[in-house]
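Okay, so here's the structure we're looking at.
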Amino acid sequence: MKSFFFLRSIFLFHLIIVAPLAPTLSLAKSTNLIKKTCKKTPYPDLCISSLRSHAKGSGVTIHDLAGIILNLTLANATNTLSHIEALINQAEDPQLERLLDYCAELYIPVVKYTLPQAIVAFNKAQYGFAEYGVSDAGDQADTCEKEFSQSKVSSPLGDRNKLVSELCDVAVAIIKMVSKVKHNLR
Amino acid sequence: MTPAKNDHRGSDPLTSKATSFSEDAGRLPTGVSQGVSAKSYPSVRDRLSYNWTNAMFSWQRTAYHFQPEKNWMNDPDGPLYYMGWYHLFYQYNPDSAVWGNITWGHAVSRDLIHWFYLPLAMVPDRWFDAGGVWTGSATLLPDGRIVMLYTGDTEESIQIQNLAYPANLSDPLLLEWVKYPDNPVIVPPAGIDPEEFRDPTTAWIGPNGTWRLLIGTKVNDTGMALIYETTNFTTYEAAPGVLHAVNGTGMWECVDFYPVSTNSSEGLETSVVGPGVKHVLKASLDDLKMDYYAIGTYDPVSDTWTPDDPEADVGIGLLVDYGRYYASKTFFDQNTGRRILWGWINETDTDYDDLAKGWASVQTIPRVVTFDNKTGSNILEWPVEEVEKLRLNRTKFDDVLVEAGSVVALNISSAMQLDISVEFEIEGSDALEALEESEAIIECATAQNRSTLGPFGLLVLADESLSELTPIYFHIAKSTNGSLTTLFCADETRSTKASEVFKKVYGGPVPVLDDEKFTMRLLVDHSIIESFAQGGRTVITSRVYPTEAIYGAAKLFLFNNATGVNVTASLEIWQMNSAFIHPFPLDEM
């Protein structure tokens, strides 16, 4: 991850020298904003790689970055739920199936209500509610994984739960930053 | 819920009210109900109240049961699940720790365990509920609307039924509520006492597409459920007959009526009828302050319900909970497909104590209700599995021998916030046959009464010297006709040294099938204990206020007071975390 970032930054540096000024300035600006923002989150690398591929164009703000991470979190949670449901259909071991059912029950309200409500709240500048909802969603992913580790059944969802959980932590951190900015502007 | 006229302690032999109260029609003097210190009433001060310390009082607060931060609560109202949140409303006095000035408190949770307090949902600010916003139920319509029907008490003490609904269905917290401007929608009909007409149920759809709901009442001493039909929830027609009535049971408060599946453990939405479905009819009997239920068959065409066993009809058969428990209400949780039961747990100490400590009442941990298809004659109640999230470390004990007449200490770090599962086996399979003496009346007696086969069980919230203890136990008896009955009991008589606390033995029979061991699950949470026997066939909720067996001095023991047999016990005991119930951070939105 780190070496990739290094190569990318060298490449960008090239662009800055060679290409016309205005668009590369804004690209550098957004890159800097992403770097600055992500450094203050619990998972900077994940934050950067997520935002890099989605934050394009000029005039990107921290508010936009929060929105991107939130949508990404919802997308990953939705994806995880579909995966769980597919695994349930294939499951032959009743203990595995029981655990997968348990996780589905955790993810369904997250995908249907918790994250969508957090996104609506964020867009309405209700940052406390948004933070609480996202953090709660992350807890559900953790609970799913914990259930597997306590049962000694190998978790088929380890990577996905980890991703959702960490994205939630990143999202909460960025929402907090947005909330601070808004408060300072008042 | 009626006012203090039929006091929530009406069935107590201990007159916990001073003489100045009993002369009154039954309402507490306004001073007291406004929270004025009871010390200004000399007769109250004269009553022997224990010398409680702040440490003892604050120990009584529960860690993981729902209760408001302070003041009085009673009946749970309008429970529902909506847009990712479970909602609980409750009868609440914002001004005092005794009943009065009743509003609807409001709390939400994602998981039925971690609750957030919200602002009051409704206050008695209209003529149609100026005497109190009393108990009601929610109906979720297929088009997504929420309809709340509740009893309004007027200034003249007339009980009328009102409609309310959320101001904004896109607010997942349902903070604001609107009262239908043309309330009331139902008034007491001719021939019905206007002070005995309350607690509308959740509605269900009939075969002709109209909705029906029930309102409890009584005529002379016959308790009954009246049926009202509607298509729009604003205009209603009283049905010509009643759903069901039972002589001699008195006023039916908090009627509840819901289907259960006889061939699956899935909950059923309130309108479901058909093969494989039975209906539970439940009433809170005002005269006894106990919740009774019966299982039967509902005929949607004639709108009548018939109990499976008329000898165990509503009000004369099974109790929802054999302990300190009242005003229970179920709802269908469409999120997880469960039928969930709430129950109000009043205090058993005095109003004076409640005013001193600043709060009164607790709700049970919500329970899942299913039909017991092994016995076919009762429901099963079990704490929602979300409560298991609170489990911290576990201690296991395997095959502990508890000899006749002995007590065995269980070495656990702390004994006031626990989730206990225990299995008992009586040594010697022929022990049951050996039971000689029979008993004419089989009912729970104090755990100190020894007999051949019991009692045996747990001593909860006991101090080292057993000067205070709460035994929860099985007692097996043979009736005069030779059949065996197992009783499940909770003995509060020695739960506290405080003499003003109402202490009695609670419990009832529990079916134990041939191949079953004797099992108990207990949720211990400071001053409340919820005890479940045989997977929830018989449940007892206890309120206890030890003065010594608190904090580190509270211990847990096994005991066997049988004279003729040893028992072995296997247990799993979890320490339980707090649910950290606190206000929703609305100001941070």
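In the structure tokens, chains take the letters A, B, ... in the order shown, each chain's residues start at 1, and ligands count up from 1 in the order shown.
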Identify, on the basis of only C-alpha atoms, every residue whose closest approach to range 137-141 of chain A does not exceed 7 Å; exclude the query and any residue fewer than 3 positions from it along the same chain; express the result as a VMD selection string. chain A and resid 106 to 107 110 114 to 115 133 to 134 144 to 145 161 164 to 165 168
Export of the given selection (all heavy atoms) as a tab-separated table (two decimals), in the first residue's frame:
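Saved as selection21.tsv:
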chain	number	residue	atom	x	y	z
A	106	LEU	N	-28.17	-9.17	11.88
A	106	LEU	CA	-27.46	-7.95	12.28
A	106	LEU	C	-27.35	-6.98	11.11
A	106	LEU	O	-27.51	-5.78	11.27
A	106	LEU	CB	-26.05	-8.29	12.79
A	106	LEU	CG	-25.97	-9.10	14.08
A	106	LEU	CD1	-24.54	-9.55	14.33
A	106	LEU	CD2	-26.46	-8.27	15.26
A	107	TYR	N	-27.08	-7.51	9.92
A	107	TYR	CA	-26.84	-6.65	8.77
A	107	TYR	C	-28.12	-6.07	8.15
A	107	TYR	O	-28.10	-5.00	7.56
A	107	TYR	CB	-26.04	-7.40	7.68
A	107	TYR	CG	-24.54	-7.24	7.82
A	107	TYR	CD1	-23.77	-8.12	8.57
A	107	TYR	CD2	-23.89	-6.18	7.19
A	107	TYR	CE1	-22.41	-7.96	8.70
A	107	TYR	CE2	-22.52	-6.00	7.31
A	107	TYR	CZ	-21.78	-6.89	8.07
A	107	TYR	OH	-20.43	-6.73	8.20
A	110	VAL	N	-29.03	-2.72	9.41
A	110	VAL	CA	-27.95	-1.79	9.07
A	110	VAL	C	-28.13	-1.28	7.64
A	110	VAL	O	-28.02	-0.09	7.36
A	110	VAL	CB	-26.57	-2.49	9.22
A	110	VAL	CG1	-25.48	-1.71	8.50
A	110	VAL	CG2	-26.22	-2.65	10.69
A	114	THR	N	-30.22	1.70	9.38
A	114	THR	CA	-29.22	2.45	10.14
A	114	THR	C	-28.35	3.33	9.26
A	114	THR	O	-28.24	4.54	9.51
A	114	THR	CB	-28.33	1.48	10.95
A	114	THR	OG1	-29.14	0.50	11.54
A	114	THR	CG2	-27.54	2.23	11.99
A	115	LEU	N	-27.71	2.74	8.24
A	115	LEU	CA	-26.83	3.55	7.39
A	115	LEU	C	-27.61	4.55	6.54
A	115	LEU	O	-27.22	5.72	6.45
A	115	LEU	CB	-25.92	2.65	6.54
A	115	LEU	CG	-24.76	2.02	7.34
A	115	LEU	CD1	-23.96	1.06	6.47
A	115	LEU	CD2	-23.85	3.09	7.92
A	133	GLY	N	-25.31	6.61	14.34
A	133	GLY	CA	-25.80	5.55	13.47
A	133	GLY	C	-24.67	4.77	12.82
A	133	GLY	O	-24.67	3.53	12.78
A	134	VAL	N	-23.67	5.49	12.31
A	134	VAL	CA	-22.56	4.82	11.64
A	134	VAL	C	-21.78	3.96	12.63
A	134	VAL	O	-21.39	2.83	12.34
A	134	VAL	CB	-21.63	5.84	10.97
A	134	VAL	CG1	-20.44	5.14	10.35
A	134	VAL	CG2	-22.37	6.62	9.91
A	144	CYS	N	-21.01	-9.56	14.57
A	144	CYS	CA	-21.08	-10.71	13.67
A	144	CYS	C	-19.77	-11.49	13.73
A	144	CYS	O	-19.76	-12.71	13.90
A	144	CYS	CB	-21.37	-10.23	12.25
A	144	CYS	SG	-21.05	-11.44	10.95
A	145	GLU	N	-18.66	-10.78	13.62
A	145	GLU	CA	-17.36	-11.44	13.62
A	145	GLU	C	-17.07	-12.10	14.96
A	145	GLU	O	-16.54	-13.21	15.03
A	145	GLU	CB	-16.27	-10.41	13.26
A	145	GLU	CG	-14.95	-11.00	12.83
A	145	GLU	CD	-15.05	-11.94	11.64
A	145	GLU	OE1	-16.01	-11.81	10.83
A	145	GLU	OE2	-14.19	-12.83	11.53
A	161	ASN	N	-16.39	-8.17	7.16
A	161	ASN	CA	-16.74	-7.54	8.43
A	161	ASN	C	-15.70	-6.50	8.82
A	161	ASN	O	-16.03	-5.42	9.29
A	161	ASN	CB	-16.86	-8.59	9.55
A	161	ASN	CG	-18.19	-9.34	9.51
A	161	ASN	OD1	-19.18	-8.80	9.03
A	161	ASN	ND2	-18.20	-10.55	10.01
A	164	VAL	N	-16.15	-3.35	6.64
A	164	VAL	CA	-17.30	-2.54	7.04
A	164	VAL	C	-16.99	-1.82	8.36
A	164	VAL	O	-17.24	-0.62	8.51
A	164	VAL	CB	-18.57	-3.41	7.19
A	164	VAL	CG1	-19.70	-2.62	7.84
A	164	VAL	CG2	-19.02	-3.93	5.83
A	165	SER	N	-16.45	-2.57	9.30
A	165	SER	CA	-16.15	-1.99	10.61
A	165	SER	C	-15.16	-0.84	10.50
A	165	SER	O	-15.35	0.23	11.10
A	165	SER	CB	-15.59	-3.10	11.51
A	165	SER	OG	-15.21	-2.56	12.74
A	168	CYS	N	-16.61	2.23	8.83
A	168	CYS	CA	-17.45	2.95	9.79
A	168	CYS	C	-16.61	3.84	10.69
A	168	CYS	O	-16.96	4.99	10.94
A	168	CYS	CB	-18.27	1.98	10.64
A	168	CYS	SG	-19.66	1.23	9.74
Proximity check chain B to chain A, 12 Å, nearest pairs one decimal Å, only C-alpha atoms, as JSON lines:
{"residue": "B:Tyr81", "atom": "CA", "partner": "A:Pro109", "partner_atom": "CA", "distance": 11.3}
{"residue": "B:Tyr82", "atom": "CA", "partner": "A:Tyr113", "partner_atom": "CA", "distance": 9.5}
{"residue": "B:Met83", "atom": "CA", "partner": "A:Tyr113", "partner_atom": "CA", "distance": 5.9}
{"residue": "B:Gly84", "atom": "CA", "partner": "A:Tyr113", "partner_atom": "CA", "distance": 5.2}
{"residue": "B:Trp85", "atom": "CA", "partner": "A:Tyr113", "partner_atom": "CA", "distance": 8.7}
{"residue": "B:Tyr86", "atom": "CA", "partner": "A:Pro109", "partner_atom": "CA", "distance": 11.5}
{"residue": "B:Ser109", "atom": "CA", "partner": "A:Asp136", "partner_atom": "CA", "distance": 11.4}
{"residue": "B:Arg110", "atom": "CA", "partner": "A:Pro109", "partner_atom": "CA", "distance": 8.8}
{"residue": "B:Asp111", "atom": "CA", "partner": "A:Leu106", "partner_atom": "CA", "distance": 9.9}
{"residue": "B:His114", "atom": "CA", "partner": "A:Asp136", "partner_atom": "CA", "distance": 11.3}
{"residue": "B:Phe116", "atom": "CA", "partner": "A:Tyr132", "partner_atom": "CA", "distance": 11.9}
{"residue": "B:Ser170", "atom": "CA", "partner": "A:Gln117", "partner_atom": "CA", "distance": 9.9}
{"residue": "B:Asp171", "atom": "CA", "partner": "A:Gln117", "partner_atom": "CA", "distance": 9.4}
{"residue": "B:Pro172", "atom": "CA", "partner": "A:Gln117", "partner_atom": "CA", "distance": 8.0}
{"residue": "B:Leu173", "atom": "CA", "partner": "A:Gln117", "partner_atom": "CA", "distance": 10.6}
{"residue": "B:Gln334", "atom": "CA", "partner": "A:Pro109", "partner_atom": "CA", "distance": 11.6}
{"residue": "B:Asn335", "atom": "CA", "partner": "A:Pro109", "partner_atom": "CA", "distance": 8.0}
{"residue": "B:Thr336", "atom": "CA", "partner": "A:Glu105", "partner_atom": "CA", "distance": 7.6}
{"residue": "B:Gly337", "atom": "CA", "partner": "A:Glu105", "partner_atom": "CA", "distance": 11.0}
{"residue": "B:Glu385", "atom": "CA", "partner": "A:Tyr102", "partner_atom": "CA", "distance": 10.8}
{"residue": "B:Glu386", "atom": "CA", "partner": "A:Leu106", "partner_atom": "CA", "distance": 10.9}
{"residue": "B:Glu388", "atom": "CA", "partner": "A:Glu147", "partner_atom": "CA", "distance": 11.6}
{"residue": "B:Lys389", "atom": "CA", "partner": "A:Thr143", "partner_atom": "CA", "distance": 8.9}
{"residue": "B:Leu390", "atom": "CA", "partner": "A:Thr143", "partner_atom": "CA", "distance": 12.0}
{"residue": "B:Phe584", "atom": "CA", "partner": "A:Phe129", "partner_atom": "CA", "distance": 9.2}
{"residue": "B:Pro585", "atom": "CA", "partner": "A:Gly128", "partner_atom": "CA", "distance": 7.2}
{"residue": "B:Leu586", "atom": "CA", "partner": "A:Phe129", "partner_atom": "CA", "distance": 7.7}
{"residue": "B:Asp587", "atom": "CA", "partner": "A:Gly128", "partner_atom": "CA", "distance": 8.2}
{"residue": "B:Glu588", "atom": "CA", "partner": "A:Gly128", "partner_atom": "CA", "distance": 4.9}
{"residue": "B:Met589", "atom": "CA", "partner": "A:Gln126", "partner_atom": "CA", "distance": 4.2}
I need the helix (DSSP H, G or I) residues of range 319-482 of chain B per DSSP on the backbone, written as an NGL selection string. :B and (351-357 or 385-390)
Can you write just those residues out, all heavy atoms, as a compact mmCIF listing (two decimals), in the first residue's frame?
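Saved as part.txt:
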# COMPACT_ATOMS: atom_id res chain seq x y z
N ASP B 351 -44.81 3.73 49.22
CA ASP B 351 -44.78 5.04 48.54
C ASP B 351 -43.79 5.97 49.24
O ASP B 351 -43.10 6.75 48.59
CB ASP B 351 -46.17 5.70 48.61
CG ASP B 351 -47.16 5.01 47.70
OD1 ASP B 351 -46.74 4.18 46.88
OD2 ASP B 351 -48.36 5.31 47.81
N TYR B 352 -43.75 5.86 50.53
CA TYR B 352 -42.83 6.69 51.32
C TYR B 352 -41.38 6.43 50.90
O TYR B 352 -40.60 7.35 50.67
CB TYR B 352 -43.05 6.38 52.80
CG TYR B 352 -42.24 7.21 53.75
CD1 TYR B 352 -42.55 8.54 53.97
CD2 TYR B 352 -41.16 6.65 54.44
CE1 TYR B 352 -41.80 9.31 54.86
CE2 TYR B 352 -40.42 7.40 55.32
CZ TYR B 352 -40.74 8.73 55.53
OH TYR B 352 -40.00 9.48 56.40
N ASP B 353 -41.05 5.13 50.76
CA ASP B 353 -39.70 4.77 50.30
C ASP B 353 -39.46 5.30 48.89
O ASP B 353 -38.38 5.80 48.57
CB ASP B 353 -39.52 3.25 50.29
CG ASP B 353 -39.56 2.64 51.68
OD1 ASP B 353 -39.26 3.35 52.66
OD2 ASP B 353 -39.90 1.43 51.79
N ASP B 354 -40.48 5.15 48.03
CA ASP B 354 -40.32 5.57 46.64
C ASP B 354 -40.09 7.07 46.54
O ASP B 354 -39.27 7.53 45.75
CB ASP B 354 -41.55 5.18 45.81
CG ASP B 354 -41.79 3.68 45.78
OD1 ASP B 354 -40.84 2.93 46.08
OD2 ASP B 354 -42.91 3.26 45.45
N LEU B 355 -40.83 7.82 47.33
CA LEU B 355 -40.64 9.28 47.32
C LEU B 355 -39.24 9.62 47.84
O LEU B 355 -38.58 10.52 47.32
CB LEU B 355 -41.70 9.96 48.19
CG LEU B 355 -43.10 9.97 47.57
CD1 LEU B 355 -44.15 10.29 48.61
CD2 LEU B 355 -43.15 10.99 46.43
N ALA B 356 -38.79 8.86 48.84
CA ALA B 356 -37.45 9.13 49.39
C ALA B 356 -36.37 8.83 48.37
O ALA B 356 -35.38 9.56 48.25
CB ALA B 356 -37.25 8.30 50.66
N LYS B 357 -36.52 7.73 47.62
CA LYS B 357 -35.46 7.40 46.67
C LYS B 357 -35.66 8.06 45.32
O LYS B 357 -34.76 8.06 44.49
CB LYS B 357 -35.31 5.89 46.55
CG LYS B 357 -36.42 5.16 45.82
CD LYS B 357 -36.31 3.65 46.03
CE LYS B 357 -37.28 2.90 45.13
NZ LYS B 357 -37.42 1.49 45.48
N GLU B 385 -33.12 -12.73 22.94
CA GLU B 385 -31.71 -13.14 22.94
C GLU B 385 -30.75 -11.95 22.93
O GLU B 385 -29.59 -12.08 23.29
CB GLU B 385 -31.41 -14.10 21.79
CG GLU B 385 -31.62 -13.51 20.43
CD GLU B 385 -31.21 -14.48 19.32
OE1 GLU B 385 -30.83 -15.62 19.61
OE2 GLU B 385 -31.29 -14.06 18.15
N GLU B 386 -31.25 -10.78 22.57
CA GLU B 386 -30.39 -9.59 22.60
C GLU B 386 -29.83 -9.33 24.01
O GLU B 386 -28.77 -8.70 24.15
CB GLU B 386 -31.13 -8.35 22.13
CG GLU B 386 -31.42 -8.30 20.63
CD GLU B 386 -32.75 -8.91 20.24
OE1 GLU B 386 -33.17 -9.89 20.89
OE2 GLU B 386 -33.37 -8.42 19.28
N VAL B 387 -30.51 -9.82 25.05
CA VAL B 387 -30.01 -9.59 26.41
C VAL B 387 -28.67 -10.29 26.61
O VAL B 387 -27.86 -9.88 27.44
CB VAL B 387 -31.06 -10.05 27.47
CG1 VAL B 387 -31.06 -11.56 27.63
CG2 VAL B 387 -30.81 -9.37 28.80
N GLU B 388 -28.43 -11.33 25.80
CA GLU B 388 -27.18 -12.09 25.93
C GLU B 388 -25.97 -11.27 25.50
O GLU B 388 -24.84 -11.62 25.83
CB GLU B 388 -27.29 -13.40 25.15
CG GLU B 388 -28.39 -14.31 25.73
CD GLU B 388 -28.79 -15.44 24.79
OE1 GLU B 388 -27.94 -15.91 24.03
OE2 GLU B 388 -29.98 -15.84 24.83
N LYS B 389 -26.21 -10.16 24.78
CA LYS B 389 -25.10 -9.27 24.42
C LYS B 389 -24.44 -8.67 25.66
O LYS B 389 -23.32 -8.19 25.60
CB LYS B 389 -25.63 -8.09 23.59
CG LYS B 389 -26.01 -8.39 22.19
CD LYS B 389 -25.99 -7.11 21.39
CE LYS B 389 -27.35 -6.77 20.87
NZ LYS B 389 -27.30 -5.56 20.03
N LEU B 390 -25.19 -8.66 26.76
CA LEU B 390 -24.67 -8.04 27.96
C LEU B 390 -23.77 -8.99 28.75
O LEU B 390 -23.16 -8.60 29.74
CB LEU B 390 -25.82 -7.59 28.87
CG LEU B 390 -26.76 -6.54 28.28
CD1 LEU B 390 -27.96 -6.33 29.18
CD2 LEU B 390 -26.02 -5.21 28.09
Distance query range 493-508 of chain B at most 7 Å, only C-alpha atoms, self and fewer than 6 positions along chain excluded, as a ChimeraX atom specification: /B:14,48-50,322-323,348-350,443-446,468-470,487,540,544-547
With 12 Å as the cut-off and only C-alpha atoms counted, what is the closest atom pair between each nearby residue of range 65-172 of chain A and range 33-48 of chain A? Distances in Å to one decimal, ordered by chain and number, as a tab-separated table.
residue	atom	partner	partner_atom	distance
A:Leu65	CA	A:Ile34	CA	7.8
A:Ala66	CA	A:Thr37	CA	9.8
A:Ile68	CA	A:Cys47	CA	10.4
A:Ile69	CA	A:Cys47	CA	8.0
A:Leu70	CA	A:Cys47	CA	11.4
A:Leu72	CA	A:Cys47	CA	10.7
A:Thr73	CA	A:Cys47	CA	11.2
A:Lys162	CA	A:Leu46	CA	11.2
A:Leu163	CA	A:Leu46	CA	8.7
A:Val164	CA	A:Leu46	CA	11.1
A:Ser165	CA	A:Tyr43	CA	10.6
A:Glu166	CA	A:Tyr43	CA	6.9
A:Leu167	CA	A:Cys47	CA	7.6
A:Cys168	CA	A:Pro42	CA	10.1
A:Asp169	CA	A:Pro42	CA	6.7
A:Val170	CA	A:Thr41	CA	5.4
A:Ala171	CA	A:Thr41	CA	8.3
A:Val172	CA	A:Thr41	CA	8.6
Applying 6 Å and only C-alpha atoms, which residues near range 223-236 of chain B remain after dropping the ones on its own chain fewer than 6 positions away? List them as JSON, numbers by chain. {"B": [185, 210, 211, 212, 213, 214, 215, 216, 217, 242, 243, 244, 245, 246, 249, 250, 251, 252]}
Give me the residues near Gly276 in chain B as a PyMOL selection string, where near means some atom within 7 Å (using only C-alpha atoms) and where sequence neighbours in that chain fewer than 3 positions away do not count. chain B and resi 261-263
Go ahead and save the picked residues with N, CA and C atoms, as a CSV table (one decimal), in the first residue's frame.
chain,number,residue,atom,x,y,z
B,261,SER,N,-48.6,-19.4,16.6
B,261,SER,CA,-48.5,-20.5,15.7
B,261,SER,C,-48.4,-21.8,16.6
B,262,THR,N,-49.2,-22.8,16.3
B,262,THR,CA,-49.1,-24.0,17.0
B,262,THR,C,-48.0,-25.0,16.4
B,263,ASN,N,-47.5,-24.7,15.2
B,263,ASN,CA,-46.6,-25.6,14.7
B,263,ASN,C,-45.2,-25.0,14.3
From a backbone DSSP assignment, name each residue in range 126-276 of chain B labelled strand (DSSP E or B), as number ranges by chain. B: 132-140, 146-153, 159-166, 177-179, 186, 197-198, 204-205, 211-219, 222-230, 236-246, 252-261, 267
Please, what distance in Å, to one decimal, runs between CA of Ile441 in chain B and CA of Ala562 in chain B? 18.7 Å
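Within 12 Å of Gly191 in chain B, once only C-alpha atoms are used and residues closer than 2 positions along the same chain are dropped, the contacting residues are Val187, Pro188, Pro189, Asp193, Pro194, Glu195, Glu196, Phe197, Thr217, Lys218, Val219 and Asn220 of chain B.
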In Å to one decimal, how far is CA of Asp143 in chain B from CA of Val178 in chain B?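 Result for CA of Val178 in chain B versus CA of Asp143 in chain B: 18.5 Å, one decimal.
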